[in-house]
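*Asks:* Have a look at this one before I ask anything.
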Amino acid sequence: MPVKNRFAELQDEITAWRRDMHENPEILFETHRTAALVADKLKEFGCDEIVTGIGRTGVVGVIKGKSSASGKVIGLRADMDALPIHEATGLDYASKTPGAMHACGHDGHTAMLLGAAKYLAETRNFDGTVVVIFQPAEEGGGGGKEMCDDGMMERWGIQEVYGMHNWPGRPVGSFAIRPGAFFAATDQFDITFEGRGGHAAKPQETVDSTVMAAQAVLALQTIASRNADPVDQVVVSVTSFETSSNAFNVIPQRVDLKGTVRTMSPEMRDLAEKRMTEICNGIAATFGGTVEVKYHRGYPCMVNHPAQTDFAAEVARKVSGGCDEAPLVMGGEDFAYMLEERPGAYILVGNGDTAAVHHPEYNFNDEAIPAGCSWWAEIVETRMPAA
């Protein structure tokens with residue numbers, strides 16, 4: 001395939017971009033160096049329009065085909081931000097920024113989309129317009145929402161949008177996708193139980209916040225085991241339990257719980273929030289204490305659109321010879337916001353036998369670059385064939 005051959009030629013160049021970004025990671029919206037690098041490359045490629053500052057530090061590039069009779073406009077999105085993790089790979093190009101690391105492969109995503117942009121600007125062998133989207137703050141900052149809120153879809157008339165993520169454990173360059181709900185909604189909660197503190201030798205004079213909170217940790221699991229439809233998905237995890245005193249002989253006045261809820265449907269999301277509040281209020285009332293439940297809605301469930309998913313899988317088969325059905329993922333992905341605004345699909349590309357994402361020894365596999373770049377380019381050339 002010509003596209004794959006061209007990306008094999010470009011692989012060393014794309015790898016150099018990727019490793020430079022890996023060495024200089026930036027977190028959330030602080031992707032100033034990365035955004036500048038992206039904008040410089042897009043200018044070098046001869047993109048028709050380059051706009052920075054979308055979604056605070058996002059970059060958008062526009063590439064017009066040889067013709068535009070189709071009137072089609074397709075968006076391709078990559079994320080740019082790193083994680084607050086101290087790198088432990090020992091690589092020659094390991095992070096030079098203490099406490100920051102590209103532990104999720106966004107450096108690879110950005111490099112692959114840059115590679116595709118270079119090829120598409122060179123050849124322009126399509127009828128329509130491509131909008132390449134480089135997004136900050138995927139890792140918890142909601143950069144995708146910020147770019148949408150800045151009117152990105154309307155400003156460039158984007159009709160469909162496609163995204164990609166590397167996936168450790170899958171063969172390098174292989175693909176997997178699924179229609180419908182794919183990545184979970186990611187919510188967080190803060191729960192504070194308030195009692196009456198006192199001496200541990202005189203529990204009858206106290207209202208024990210520790211006992212209330214301990215009951216809640218167990219009772220919250222009944223949301224999944226007794227409230228949810230067994231064929232639906234919900235995960236309730238209490239990840240922090242902190243008392244207001246750490247003395248051996250003090251019953252604390254207050255206990256703070258923190259955690260996360262992961263769901264795959266709006267109905268289950270609503271149920272989890274409702275039952276969490278009801279359960280905690282009931283426990284506090286039973287023991288004579290009080291409780292405050294703060295439920296923070298994070299990224300929505302990421303839902304692939306059926307027709308675009310079928311198309312994305314078809315393109316993946318052209319590139320690699322196959323495309324598997326991906327499993328449900330209880331992690332979150334803020335590409336969900338873009339898929340709420342426009343039809344599109346999100347695909348996984350194999351990263352080989354590497355450490356898991358968000359692990360201090362993870363590294364993006366540069367051997368996946370030709371397949372990833374080819375998928376981006378083929379999305380465009382297949383969806384908007386040259387007249």
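Following the order of the structure tokens, chains are lettered A, B, ..., residues in each are numbered from 1, and ligands are numbered from 1.
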With a distance cut-off of 9 Å and only C-alpha atoms, select the neighbouring residues of region 202-214 of chain A, excluding the residue or stretch itself and same-chain residues fewer than 3 positions from it, and output the selection as a list in words.

*Replies:*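 Near region 202-214 of chain A, the qualifying residues are Ile191, Thr192, Phe193, Glu194, Gly195, Arg196, Gly197, Gly198, His199, Val217, Leu218, Ala219, Phe241, Thr243, Ile251, Pro252, Gln253, Arg254, Val255, Asp256, Leu257, Cys280, Ile283, Ala284, Thr286, Phe287, Gly288, Gly289 and Thr290 of chain A.
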
*Asks:* Skip region 13-29 of chain A itself and residues of its chain fewer than 6 positions away, then list as a PyMOL selection string all residues within 8 Å of it, counting only C-alpha atoms.

*Replies:* chain A and resi 56-57+81-84+93-97+100-102+107-108+110-112+114-115+136-141+143+366+369

*Asks:* Quote the spacing between CA of Ala371 (chain A) and CA of Pro327 (chain A) in Å to one decimal place.

*Replies:*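 Taking CA of Ala371 (chain A) and CA of Pro327 (chain A), their separation equals 20.6 Å.
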
*Asks:* For a quick check of understanding, using only C-alpha atoms, which of A:Ala200, A:Val59, A:Ala355, A:Ala184 has the smallest distance to Met80 (chain A)?

*Replies:*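 Selected residue with least distance to Met80 (chain A): A:Val59.
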
*Asks:* Env of Lys294 (chain A): 10 Å cut, atoms = only C-alpha atoms, seq-sep filter 6 positions within chain, self excluded. Answer as a VMD selection string.

*Replies:* chain A and resid 188 to 192 258 273 276 to 277

*Asks:* Using only C-alpha atoms, can you tell me which of A:Thr34, A:Asn304, A:Thr186, A:Thr239 comes closest to Val261 (chain A)?

*Replies:*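 Of all the options, A:Thr186 lies closest to Val261 (chain A).
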
*Asks:* From the set A:Gly75, A:Gly128, A:Gly99, A:Pro266, which residue has the shortest atom-to-atom contact distance to Met338 (chain A), counting only C-alpha atoms?

*Replies:*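 Checking each of A:Gly75, A:Gly128, A:Gly99, A:Pro266 against Met338 (chain A), counting only C-alpha atoms, the winner is A:Gly75.
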
*Asks:* Can you pull out the residues contacting Ala121 (chain A)? Cut-off 7 Å, using only C-alpha atoms, and skip same-chain residues under 5 positions away; I want them as number ranges by chain.

*Replies:* A: 45-47, 63

*Asks:* For those residues, write C-alpha atoms to a file as a CSV table (one decimal), in the first residue's frame.

*Replies:*
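Result file selection-v1.csv:
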```csv
chain,number,residue,atom,x,y,z
A,45,PHE,CA,4.1,21.0,5.9
A,46,GLY,CA,2.2,23.8,4.2
A,47,CYS,CA,-1.2,23.5,5.9
A,63,ILE,CA,-5.5,20.8,4.9
```

*Asks:* Which value, in Å to one decimal, gives the distance between CA of Tyr362 (chain A) and CA of Met164 (chain A)?

*Replies:* 17.7 Å

*Asks:* Enumerate the residues of region 277-325 of chain A with a DSSP assignment of alpha helix (DSSP H), computed from the backbone, and present them as a PyMOL selection string.

*Replies:* chain A and resi 277-287+306-320

*Asks:* Show me, as an NGL selection string, the residues that have an atom within 12 Å of Gln159 (chain A) when counting only C-alpha atoms, minus same-chain residues fewer than 2 positions from it.

*Replies:* :A and (70-76 or 128-131 or 152-157 or 161-162 or 308 or 338-339 or 341-344 or 383)
